[in-house]
Amino acid sequence: MTDAPEAHGTNPWAINDFRLIWLGRIAAVLAIQIQSSALLWQVYEIARRDHPIAEASLYLGLVGLAQFIPLLALTLPAGEMADRRDRKRTVVLAIVAEGVCALSFLAMAIHGSPPLWGLLLVAFGFGASRAFLAPASQAFLPMVVGRAALPRAIAAQSIAFQTGAIAGPALGGVIVGLSVPLAYASSLTLFFLGLACFVMIRTSGKPSPIEGGVGRWQAVKDGLRYVWDTKIVLGAISLDLIVVLFAGVALLTPIFARDILHVGPEGFGLLRASFGGGAFLMALVLARYPLPGKGGVLMFASVAVFGLCTVVFGLSKIVWISAAALFIGGAADMISVNIRQTLIQLSTPDHMRGRVSSVSMLFIGASNELGEAYSGLMVRVLGPIGAAVFGGVGALTATGLWARLFPDLRKADKLV
């Protein structure tokens, strides 16, 4: 048995199981980021052997699409499962599956010249694993820390994520420069370190019973109806979708590093780490000084800054300006992410958290993985610079539109 979360007040660090979650999250995010860096670089290098920049970028888009398809198909059922079955056990099994995917990438990299279809097939399996991991892990966090410590726990989880987001791409860039198989081997090791942390957690992951004992598909529909009826939740989730779909630049970084800024894999690592660096520093601030109020206004302002930084990144021809734009954009994005996640979790009862988290992660998956496919298409149509500038302007436009469509979200104040 563990102490009740409420006994620790607003300090999640006093809870041993939270510390294990935090360490496990760092390990898992490091693994994902190193693996992503290796996969994007490997796919782009293979594609560029036979295709010009515009066509090779489409193959990068296929990496995102391959991961988004299983997310689209499985995330909502996975959210329902997270409200019905042990959430910790689901997280453990999902991390095992991710480790198997890393092992498959490693085996193909050792082969020397893997087929693109093989890499995309494993990426598909990795997307399926993430579909079950995300809603279960998000719904498990409030069970460990309780309501009072949740805002600081979310900020601290963001620190863990951004630690991996900073170190992962930077390490990935360096390790890929040495050896692609070594990058995948490093990722595999970190997945199993994260697995060990979650296995040691003692808090029960068994959720509260679903009200009324409804069937699976009715439970999924109830979750969707709750999101639709709760406009703060709907606005927060959909804003993340539309802004990252337009202004996400993860797919563009290898193109800018190789063919526009001409800085190679090391510069690629710098660009990938810069966004996470800004987010990491802001997460440290938020973990120590949670936002007291004016949540809605601050969220929309930070999203606007994020869009503006994307425009600057697209127009820059100097690597340090590009990195600075990503750094500031990452800090602004962290503010909006922290506010959105806090509003969603505090507005959702425990028996709904798995399903609401699944809807949130489906939208995030769409914004990230489908956004990569969209970015690949926009590079083909507008070129990489045009795609980045168009995306930033689109994010700014969406920010103003969402502020009008969701006045309750704009007026949201307290975050505790």
# chains A, B, ... in the order shown; residues from 1 in each chain; ligands from 1

$ closest_atom_pairs --of "region 13-75 of chain A" --to "region 99-108 of chain A" --cutoff "10 Å" --atoms "only C-alpha atoms" --output "Markdown table"
| residue | atom | partner | partner_atom | distance |
| --- | --- | --- | --- | --- |
| A:Ala28 | CA | A:Gly99 | CA | 9.7 |
| A:Ala31 | CA | A:Ala102 | CA | 8.7 |
| A:Ile32 | CA | A:Ala102 | CA | 9.0 |
| A:Gln35 | CA | A:Ala102 | CA | 7.4 |
| A:Ala38 | CA | A:Phe105 | CA | 9.5 |
| A:Leu39 | CA | A:Phe105 | CA | 8.4 |

$ write_last_selection --atoms "N, CA, C and O atoms" --output "mmCIF file, in the first residue's frame"
data_model
loop_
_atom_site.group_PDB
_atom_site.id
_atom_site.type_symbol
_atom_site.label_atom_id
_atom_site.label_comp_id
_atom_site.auth_asym_id
_atom_site.auth_seq_id
_atom_site.Cartn_x
_atom_site.Cartn_y
_atom_site.Cartn_z
ATOM 1 N N ALA A 28 11.653 7.008 -21.503
ATOM 2 C CA ALA A 28 10.836 6.693 -22.675
ATOM 3 C C ALA A 28 10.912 7.796 -23.724
ATOM 4 O O ALA A 28 11.003 7.514 -24.932
ATOM 5 N N ALA A 31 14.176 7.719 -25.490
ATOM 6 C CA ALA A 31 14.162 6.615 -26.453
ATOM 7 C C ALA A 31 13.410 6.989 -27.723
ATOM 8 O O ALA A 31 13.879 6.741 -28.840
ATOM 9 N N ILE A 32 12.239 7.590 -27.556
ATOM 10 C CA ILE A 32 11.418 7.965 -28.711
ATOM 11 C C ILE A 32 12.130 9.012 -29.563
ATOM 12 O O ILE A 32 12.150 8.920 -30.799
ATOM 13 N N GLN A 35 15.161 7.548 -31.375
ATOM 14 C CA GLN A 35 14.655 6.695 -32.453
ATOM 15 C C GLN A 35 14.074 7.525 -33.589
ATOM 16 O O GLN A 35 14.292 7.229 -34.768
ATOM 17 N N ALA A 38 16.854 9.103 -35.665
ATOM 18 C CA ALA A 38 17.486 8.110 -36.526
ATOM 19 C C ALA A 38 16.584 7.739 -37.692
ATOM 20 O O ALA A 38 17.039 7.625 -38.841
ATOM 21 N N LEU A 39 15.286 7.568 -37.416
ATOM 22 C CA LEU A 39 14.361 7.150 -38.465
ATOM 23 C C LEU A 39 14.192 8.235 -39.528
ATOM 24 O O LEU A 39 14.236 7.952 -40.737
#

$ residues_around --residues "Val379 (chain A)" --least-positions-apart "6" --cutoff "8 Å" --atoms "only C-alpha atoms" --output "list of chain:residue names"
A:Ala54, A:Ser57, A:Ile385, A:Gly386, A:Ala387

$ closest_atom_pairs --of "region 19-117 of chain A" --to "region 261-267 of chain A" --cutoff "12 Å" --atoms "only C-alpha atoms" --output "tab-separated table"
residue	atom	partner	partner_atom	distance
A:Ser37	CA	A:Pro265	CA	9.5
A:Ala38	CA	A:Pro265	CA	10.1
A:Leu40	CA	A:Pro265	CA	11.1
A:Trp41	CA	A:Pro265	CA	8.2
A:Gln42	CA	A:Pro265	CA	11.1
A:Tyr44	CA	A:Pro265	CA	11.9
A:Glu45	CA	A:Pro265	CA	11.2

$ atom_distance --atom1 "CA of Arg340 (chain A)" --atom2 "CA of Leu150 (chain A)"
12.9 Å

$ residues_around --residues "Ile335 (chain A)" --least-positions-apart "4" --cutoff "10 Å" --atoms "only C-alpha atoms" --output "short mmCIF file (atom, residue, chain, number, x, y, z; two decimals) with C-alpha atoms, in the first residue's frame"
data_model
loop_
_atom_site.label_atom_id
_atom_site.label_comp_id
_atom_site.auth_asym_id
_atom_site.auth_seq_id
_atom_site.Cartn_x
_atom_site.Cartn_y
_atom_site.Cartn_z
CA ALA A 155 4.48 20.79 -15.10
CA ALA A 279 10.09 24.29 -23.42
CA MET A 282 9.64 27.21 -19.17
CA ALA A 283 8.55 23.91 -17.60
CA VAL A 285 9.48 27.89 -14.14
CA LEU A 286 5.94 26.48 -14.21
CA LEU A 291 0.23 30.06 -13.26
CA GLY A 295 -5.23 30.89 -18.06
CA LEU A 298 -2.17 33.42 -21.52
CA MET A 299 -2.83 30.29 -23.55
CA PHE A 300 -4.00 32.17 -26.65
CA ALA A 301 -1.12 34.67 -26.35
CA SER A 302 1.45 31.87 -26.12
CA VAL A 303 -0.02 30.10 -29.15
CA GLY A 330 9.19 25.96 -27.45
CA ALA A 331 8.85 28.16 -24.35
CA ILE A 339 -2.65 25.29 -19.41
CA ARG A 340 -4.49 22.98 -21.82
#

$ closest_residue --among "A:Gly269, A:Ala131, A:Asp50, A:Val319" --to "Gly177 (chain A)" --atoms "only C-alpha atoms"
A:Gly269

$ residues_around --residues "Leu284 (chain A)" --least-positions-apart "3" --cutoff "12 Å" --atoms "only C-alpha atoms" --output "JSON, numbers by chain"
{"A": [152, 153, 154, 155, 156, 157, 158, 159, 160, 161, 162, 163, 277, 278, 279, 280, 281, 287, 288, 289, 290, 331, 334, 335, 338]}

$ residues_around --residues "Gly205 (chain A)" --least-positions-apart "6" --cutoff "10 Å" --atoms "only C-alpha atoms" --output "count of residues only"
16
